[in-house]
Amino acid sequence: MSLDATDRAGQDIDSLGRVQPQVADIERVRRALGETPVAWRVAPGHGAPSHRRFVVDLEEGRSAFVKIAAFDYTADWLREEHRVYEALDGQSFLPRLFGWDDDGLAPVLALEDLSGSTWPPPWDLAGIDAVLATLAAVHAAPSPEGVPPAVESQFGLDGWPDIAADPQPFLSLGLCAPEWLFAHLPALSDASASAEIGGTSFLHFDVRSDNLCLRDGRAVLVDWNNACVGNALMDTASWLPSLEAEGGPAPEVILPDETPGLQAIASLLAGYFSARAGLPPISQAPHARPLQLMQAKTSLPWAARLLDLPPPT
(Lines give C-alpha, C1' and ligand atoms only; values in the text may rest on other atoms or scores of the structure.)
Protein backbone atom coordinates (compact mmCIF):
# COMPACT_ATOMS: atom_id res chain seq x y z
CA MET A 1 0.00 0.00 0.00
CA SER A 2 1.43 3.40 -0.94
CA LEU A 3 1.50 5.94 1.87
CA ASP A 4 0.71 9.54 1.08
CA ALA A 5 0.89 11.34 4.40
CA THR A 6 1.83 11.08 8.03
CA ASP A 7 -0.37 12.93 10.49
CA ARG A 8 0.91 14.82 13.56
CA ALA A 9 0.28 11.86 15.84
CA GLY A 10 2.72 9.73 13.88
CA GLN A 11 0.43 7.20 12.17
CA ASP A 12 0.45 6.74 8.39
CA ILE A 13 -2.65 7.56 6.35
CA ASP A 14 -3.18 6.34 2.81
CA SER A 15 -4.97 8.13 -0.03
CA LEU A 16 -8.30 6.66 1.09
CA GLY A 17 -7.90 8.00 4.63
CA ARG A 18 -7.26 4.57 6.13
CA VAL A 19 -4.97 4.40 9.14
CA GLN A 20 -1.78 2.38 9.06
CA PRO A 21 -0.33 2.48 12.59
CA GLN A 22 3.37 2.21 13.16
CA VAL A 23 4.63 -1.37 13.20
CA ALA A 24 6.02 -0.88 16.70
CA ASP A 25 2.63 0.41 17.89
CA ILE A 26 0.86 -2.66 16.52
CA GLU A 27 3.11 -4.85 18.63
CA ARG A 28 2.74 -2.63 21.70
CA VAL A 29 -1.05 -2.73 21.50
CA ARG A 30 -0.98 -6.49 20.90
CA ARG A 31 0.99 -6.94 24.12
CA ALA A 32 -1.31 -4.58 26.03
CA LEU A 33 -4.53 -6.28 24.91
CA GLY A 34 -3.25 -9.83 24.44
CA GLU A 35 -4.57 -9.84 20.87
CA THR A 36 -4.01 -8.01 17.60
CA PRO A 37 -6.68 -5.49 16.51
CA VAL A 38 -8.39 -6.12 13.20
CA ALA A 39 -8.90 -2.41 12.44
CA TRP A 40 -7.68 0.96 13.71
CA ARG A 41 -9.43 4.35 13.74
CA VAL A 42 -7.90 7.62 14.87
CA ALA A 43 -9.71 8.73 18.01
CA PRO A 44 -10.90 12.35 18.02
CA GLY A 45 -9.24 14.66 20.51
CA HIS A 46 -8.08 18.22 21.10
CA GLY A 47 -5.30 18.09 18.52
CA ALA A 48 -2.32 17.83 20.86
CA PRO A 49 0.38 15.42 19.60
CA SER A 50 1.18 14.25 23.15
CA HIS A 51 -0.28 10.77 22.52
CA ARG A 52 -1.27 8.62 19.57
CA ARG A 53 -4.94 7.79 20.14
CA PHE A 54 -6.93 5.04 18.46
CA VAL A 55 -10.17 3.15 18.74
CA VAL A 56 -9.30 -0.41 17.74
CA ASP A 57 -11.72 -3.10 16.59
CA LEU A 58 -11.23 -6.59 18.00
CA GLU A 59 -12.73 -9.96 17.18
CA GLU A 60 -16.41 -10.68 17.92
CA GLY A 61 -17.47 -7.04 17.57
CA ARG A 62 -15.47 -5.81 20.55
CA SER A 63 -13.50 -2.54 20.64
CA ALA A 64 -11.07 -0.65 22.87
CA PHE A 65 -9.53 2.79 23.16
CA VAL A 66 -5.72 2.85 23.18
CA LYS A 67 -3.42 5.73 24.02
CA ILE A 68 0.28 5.53 23.15
CA ALA A 69 2.74 8.05 24.56
CA ALA A 70 4.54 10.16 21.93
CA PHE A 71 7.15 11.86 24.14
CA ASP A 72 9.22 11.06 27.23
CA TYR A 73 7.25 13.43 29.45
CA THR A 74 3.89 12.16 28.24
CA ALA A 75 5.12 8.61 28.87
CA ASP A 76 5.42 9.62 32.52
CA TRP A 77 1.91 11.10 32.39
CA LEU A 78 0.61 7.80 31.08
CA ARG A 79 2.38 5.86 33.85
CA GLU A 80 0.79 8.14 36.43
CA GLU A 81 -2.61 7.66 34.81
CA HIS A 82 -2.19 3.87 34.72
CA ARG A 83 -1.48 3.89 38.45
CA VAL A 84 -4.96 5.33 39.04
CA TYR A 85 -6.68 2.84 36.72
CA GLU A 86 -4.85 -0.12 38.19
CA ALA A 87 -5.70 0.87 41.78
CA LEU A 88 -9.33 1.84 41.19
CA ASP A 89 -10.44 -0.33 38.27
CA GLY A 90 -14.14 -1.06 38.59
CA GLN A 91 -15.10 2.30 40.11
CA SER A 92 -18.12 3.77 38.35
CA PHE A 93 -16.35 7.04 37.54
CA LEU A 94 -13.60 5.29 35.51
CA PRO A 95 -13.53 3.52 32.15
CA ARG A 96 -12.60 -0.13 32.55
CA LEU A 97 -8.91 -0.95 32.26
CA PHE A 98 -8.37 -3.41 29.39
CA GLY A 99 -4.60 -3.57 29.30
CA TRP A 100 -1.20 -1.96 29.76
CA ASP A 101 2.22 -2.28 28.18
CA ASP A 102 5.37 -0.35 29.00
CA ASP A 103 8.44 -1.01 26.88
CA GLY A 104 10.26 1.91 28.50
CA LEU A 105 9.80 4.06 25.41
CA ALA A 106 6.12 4.41 24.48
CA PRO A 107 3.72 3.00 27.10
CA VAL A 108 0.26 1.93 25.97
CA LEU A 109 -2.91 2.34 28.03
CA ALA A 110 -5.87 0.32 26.75
CA LEU A 111 -9.29 1.27 28.06
CA GLU A 112 -12.98 0.70 27.54
CA ASP A 113 -14.19 2.38 24.33
CA LEU A 114 -16.43 5.31 25.32
CA SER A 115 -16.81 6.78 21.84
CA GLY A 116 -20.51 5.85 21.78
CA SER A 117 -21.24 7.85 24.94
CA THR A 118 -22.48 11.45 25.09
CA TRP A 119 -19.71 14.04 25.21
CA PRO A 120 -21.00 17.47 26.26
CA PRO A 121 -21.60 20.28 25.50
CA PRO A 122 -24.45 21.01 25.26
CA TRP A 123 -25.25 20.77 28.95
CA ASP A 124 -28.54 20.11 30.68
CA LEU A 125 -29.48 19.78 34.33
CA ALA A 126 -29.25 15.99 34.28
CA GLY A 127 -25.71 16.11 32.88
CA ILE A 128 -24.59 18.67 35.46
CA ASP A 129 -26.08 16.60 38.30
CA ALA A 130 -24.32 13.51 36.93
CA VAL A 131 -20.94 15.26 37.04
CA LEU A 132 -21.55 16.50 40.58
CA ALA A 133 -22.50 12.98 41.70
CA THR A 134 -19.40 11.57 40.04
CA LEU A 135 -17.18 14.16 41.74
CA ALA A 136 -18.69 13.21 45.10
CA ALA A 137 -17.80 9.57 44.39
CA VAL A 138 -14.26 10.50 43.33
CA HIS A 139 -13.72 12.56 46.48
CA ALA A 140 -14.89 9.67 48.65
CA ALA A 141 -12.70 7.08 46.90
CA PRO A 142 -9.43 5.86 48.42
CA SER A 143 -6.40 7.62 46.96
CA PRO A 144 -4.01 5.31 45.10
CA GLU A 145 -0.59 4.95 46.66
CA GLY A 146 1.89 7.50 45.36
CA VAL A 147 -0.63 10.11 44.20
CA PRO A 148 0.93 13.53 44.97
CA PRO A 149 -0.60 16.30 47.07
CA ALA A 150 -2.52 18.96 45.15
CA VAL A 151 -0.11 21.68 46.25
CA GLU A 152 2.48 20.06 43.96
CA SER A 153 0.11 20.04 41.00
CA GLN A 154 -0.87 22.74 38.52
CA PHE A 155 -3.09 24.92 40.69
CA GLY A 156 -0.40 25.21 43.32
CA LEU A 157 1.04 27.98 41.17
CA ASP A 158 -0.54 31.39 41.88
CA GLY A 159 -0.80 33.44 38.70
CA TRP A 160 -1.32 36.88 40.20
CA PRO A 161 2.34 37.46 41.14
CA ASP A 162 3.25 36.75 37.50
CA ILE A 163 0.66 39.27 36.30
CA ALA A 164 1.94 41.85 38.79
CA ALA A 165 5.50 41.35 37.53
CA ASP A 166 4.50 41.56 33.84
CA PRO A 167 0.87 42.53 33.21
CA GLN A 168 1.16 42.89 29.43
CA PRO A 169 0.37 39.26 28.41
CA PHE A 170 -2.80 39.36 30.51
CA LEU A 171 -3.82 42.86 29.41
CA SER A 172 -3.37 41.83 25.76
CA LEU A 173 -6.38 39.56 26.20
CA GLY A 174 -8.69 42.56 26.61
CA LEU A 175 -10.50 41.06 29.61
CA CYS A 176 -10.27 44.28 31.59
CA ALA A 177 -8.88 47.80 31.42
CA PRO A 178 -5.42 48.43 32.91
CA GLU A 179 -7.03 50.74 35.46
CA TRP A 180 -9.29 47.93 36.66
CA LEU A 181 -6.38 45.53 37.03
CA PHE A 182 -4.12 47.91 38.93
CA ALA A 183 -6.96 49.01 41.23
CA HIS A 184 -8.03 45.47 42.16
CA LEU A 185 -4.85 43.40 41.81
CA PRO A 186 -4.11 43.66 45.57
CA ALA A 187 -7.53 42.22 46.51
CA LEU A 188 -7.27 39.40 43.97
CA SER A 189 -3.70 38.60 45.00
CA ASP A 190 -4.46 38.58 48.72
CA ALA A 191 -7.50 36.33 48.26
CA SER A 192 -5.63 33.93 45.98
CA ALA A 193 -2.69 33.64 48.35
CA SER A 194 -5.04 32.44 51.10
CA ALA A 195 -6.58 29.63 49.02
CA GLU A 196 -6.64 26.29 50.86
CA ILE A 197 -5.41 23.69 48.40
CA GLY A 198 -4.43 20.95 50.80
CA GLY A 199 -6.81 18.27 52.02
CA THR A 200 -7.43 14.54 52.17
CA SER A 201 -9.81 14.00 49.23
CA PHE A 202 -8.89 12.17 46.04
CA LEU A 203 -9.10 14.63 43.12
CA HIS A 204 -9.20 14.34 39.34
CA PHE A 205 -7.97 17.95 39.09
CA ASP A 206 -8.67 18.47 35.39
CA VAL A 207 -12.45 18.35 35.11
CA ARG A 208 -13.66 19.72 31.76
CA SER A 209 -16.03 18.54 29.07
CA ASP A 210 -13.18 17.09 26.97
CA ASN A 211 -12.25 14.90 29.94
CA LEU A 212 -15.68 13.44 30.67
CA CYS A 213 -18.63 11.75 29.05
CA LEU A 214 -22.17 10.84 30.08
CA ARG A 215 -23.43 7.27 29.95
CA ASP A 216 -26.42 5.53 31.54
CA GLY A 217 -27.17 8.54 33.73
CA ARG A 218 -23.66 8.88 35.15
CA ALA A 219 -20.52 10.80 34.29
CA VAL A 220 -17.25 9.00 33.51
CA LEU A 221 -13.95 10.89 33.83
CA VAL A 222 -10.89 10.27 31.65
CA ASP A 223 -7.32 11.64 31.55
CA TRP A 224 -6.21 10.98 35.12
CA ASN A 225 -2.56 12.08 34.91
CA ASN A 226 -3.25 15.10 37.17
CA ALA A 227 -4.84 13.03 39.94
CA CYS A 228 -3.81 14.19 43.40
CA VAL A 229 -4.95 14.54 47.01
CA GLY A 230 -6.29 17.83 48.31
CA ASN A 231 -9.27 20.07 48.97
CA ALA A 232 -12.35 18.64 47.23
CA LEU A 233 -13.69 22.16 46.63
CA MET A 234 -10.81 22.75 44.21
CA ASP A 235 -12.01 19.94 41.92
CA THR A 236 -15.57 21.22 41.70
CA ALA A 237 -14.70 24.92 41.49
CA SER A 238 -12.15 24.42 38.73
CA TRP A 239 -14.83 22.82 36.51
CA LEU A 240 -17.32 25.67 36.78
CA PRO A 241 -15.61 28.34 34.61
CA SER A 242 -15.58 25.98 31.62
CA LEU A 243 -19.14 24.86 32.36
CA GLU A 244 -20.39 28.45 32.18
CA ALA A 245 -18.33 29.12 29.04
CA GLU A 246 -20.04 26.16 27.36
CA GLY A 247 -23.53 27.47 28.02
CA GLY A 248 -24.03 26.09 31.54
CA PRO A 249 -25.11 28.08 34.59
CA ALA A 250 -22.95 30.63 36.37
CA PRO A 251 -20.69 29.12 39.06
CA GLU A 252 -22.75 30.53 41.93
CA VAL A 253 -25.71 28.40 40.83
CA ILE A 254 -23.62 25.31 41.65
CA LEU A 255 -21.55 26.65 44.56
CA PRO A 256 -23.26 29.32 46.70
CA ASP A 257 -21.25 32.47 47.36
CA GLU A 258 -21.12 31.71 51.08
CA THR A 259 -19.29 28.41 50.55
CA PRO A 260 -16.31 28.57 52.97
CA GLY A 261 -13.05 29.24 51.18
CA LEU A 262 -14.68 29.85 47.81
CA GLN A 263 -13.55 33.49 47.45
CA ALA A 264 -9.92 32.46 47.72
CA ILE A 265 -10.21 29.45 45.41
CA ALA A 266 -12.09 31.41 42.72
CA SER A 267 -9.40 34.10 42.88
CA LEU A 268 -6.69 31.45 42.57
CA LEU A 269 -8.40 29.94 39.53
CA ALA A 270 -8.88 33.35 37.91
CA GLY A 271 -5.19 34.11 38.41
CA TYR A 272 -4.11 30.73 37.08
CA PHE A 273 -6.08 31.02 33.84
CA SER A 274 -5.50 34.77 33.38
CA ALA A 275 -1.74 34.56 33.82
CA ARG A 276 -1.37 31.81 31.21
CA ALA A 277 -3.94 32.57 28.52
CA GLY A 278 -1.91 35.45 27.05
CA LEU A 279 1.41 33.61 26.91
CA PRO A 280 2.85 32.28 23.61
CA PRO A 281 1.22 29.13 22.22
CA ILE A 282 2.59 25.73 23.22
CA SER A 283 3.51 23.77 20.10
CA GLN A 284 2.92 20.39 21.75
CA ALA A 285 -0.38 21.55 23.31
CA PRO A 286 -2.02 23.95 20.82
CA HIS A 287 -5.34 23.65 22.64
CA ALA A 288 -3.99 24.94 25.97
CA ARG A 289 -4.06 28.72 25.47
CA PRO A 290 -7.58 28.82 23.94
CA LEU A 291 -8.88 26.68 26.82
CA GLN A 292 -7.20 28.94 29.37
CA LEU A 293 -8.68 32.02 27.70
CA MET A 294 -12.14 30.47 27.68
CA GLN A 295 -11.89 29.83 31.41
CA ALA A 296 -10.31 33.21 32.20
CA LYS A 297 -13.30 34.93 30.61
CA THR A 298 -15.65 33.36 33.15
CA SER A 299 -13.42 32.82 36.21
CA LEU A 300 -12.26 36.46 36.43
CA PRO A 301 -15.80 37.94 36.63
CA TRP A 302 -16.72 35.17 39.09
CA ALA A 303 -13.85 36.10 41.39
CA ALA A 304 -14.77 39.76 41.08
CA ARG A 305 -18.36 39.05 42.09
CA LEU A 306 -17.27 37.04 45.11
CA LEU A 307 -14.92 39.84 46.21
CA ASP A 308 -17.55 42.55 45.60
CA LEU A 309 -15.38 44.17 42.94
CA PRO A 310 -16.76 46.01 39.91
CA PRO A 311 -17.09 43.80 36.82
CA PRO A 312 -13.80 43.61 34.90
CA THR A 313 -15.52 44.52 31.65
# chains A, B, ... in the order shown; residues from 1 in each chain; ligands from 1

call {"tool": "residues_around", "arguments": {"residues": "Ala227 (chain A)", "least_positions_apart": "5", "cutoff": "10 Å", "atoms": "only C-alpha atoms", "output": "list in words"}}
result
Glu80, Glu81, Arg83, Val84, Ser143, Pro144, Val147, Pro148, Pro149, Ala150, Ser153, Phe202, Leu203, His204, Phe205 and Asp206 of chain A

call {"tool": "select_by_dssp", "arguments": {"residues": "region 234-304 of chain A", "states": "helix (DSSP H, G or I)", "output": "MDAnalysis selection string"}}
result
chainID A and resid 234:245 251:254 262:277 288:304

call {"tool": "residues_around", "arguments": {"residues": "region 305-308 of chain A", "least_positions_apart": "2", "cutoff": "6 Å", "atoms": "only C-alpha atoms", "output": "PyMOL selection string"}}
result
chain A and resi 263+302-303

call {"tool": "closest_residue", "arguments": {"among": "A:Ser92, A:Thr74, A:Thr200, A:Ser194", "to": "Leu214 (chain A)", "atoms": "only C-alpha atoms"}}
result
A:Ser92

call {"tool": "residues_around", "arguments": {"residues": "Phe65 (chain A)", "least_positions_apart": "2", "cutoff": "8 Å", "atoms": "only C-alpha atoms", "output": "list in words"}}
result
Ala43, Arg53, Phe54, Val55, Val56, Ser63, Lys67, Ala110, Leu111, Glu112, Asp113 and Leu114 of chain A

call {"tool": "closest_residue", "arguments": {"among": "A:Val151, A:Ala39, A:Val253, A:Val131", "to": "Gln20 (chain A)", "atoms": "only C-alpha atoms"}}
result
A:Ala39

call {"tool": "residues_around", "arguments": {"residues": "Asp190 (chain A)", "least_positions_apart": "4", "cutoff": "10 Å", "atoms": "only C-alpha atoms", "output": "PyMOL selection string"}}
result
chain A and resi 160+185-186+194-195+264+267-268

call {"tool": "residues_around", "arguments": {"residues": "Phe182 (chain A)", "least_positions_apart": "5", "cutoff": "10 Å", "atoms": "only C-alpha atoms", "output": "MDAnalysis selection string"}}
result
chainID A and resid 164 167 177

call {"tool": "select_by_dssp", "arguments": {"residues": "region 60-302 of chain A", "states": "strand (DSSP E)", "output": "JSON, numbers by chain"}}
result
{"A": [63, 64, 65, 66, 67, 68, 69, 97, 98, 99, 100, 101, 108, 109, 110, 111, 201, 202, 203, 212, 213, 214, 215, 218, 219, 220, 221, 228, 229, 230]}

call {"tool": "residues_around", "arguments": {"residues": "Pro301 (chain A)", "least_positions_apart": "5", "cutoff": "10 Å", "atoms": "only C-alpha atoms", "output": "PyMOL selection string"}}
result
chain A and resi 175-176+241+266-267+270+296+306-307+309-313

call {"tool": "closest_residue", "arguments": {"among": "A:Leu300, A:Leu233, A:Val23, A:Ala69", "to": "Ala136 (chain A)", "atoms": "only C-alpha atoms"}}
result
A:Leu233

call {"tool": "atom_distance", "arguments": {"atom1": "CA of Ser274 (chain A)", "atom2": "CA of Gln292 (chain A)"}}
result
7.3 Å
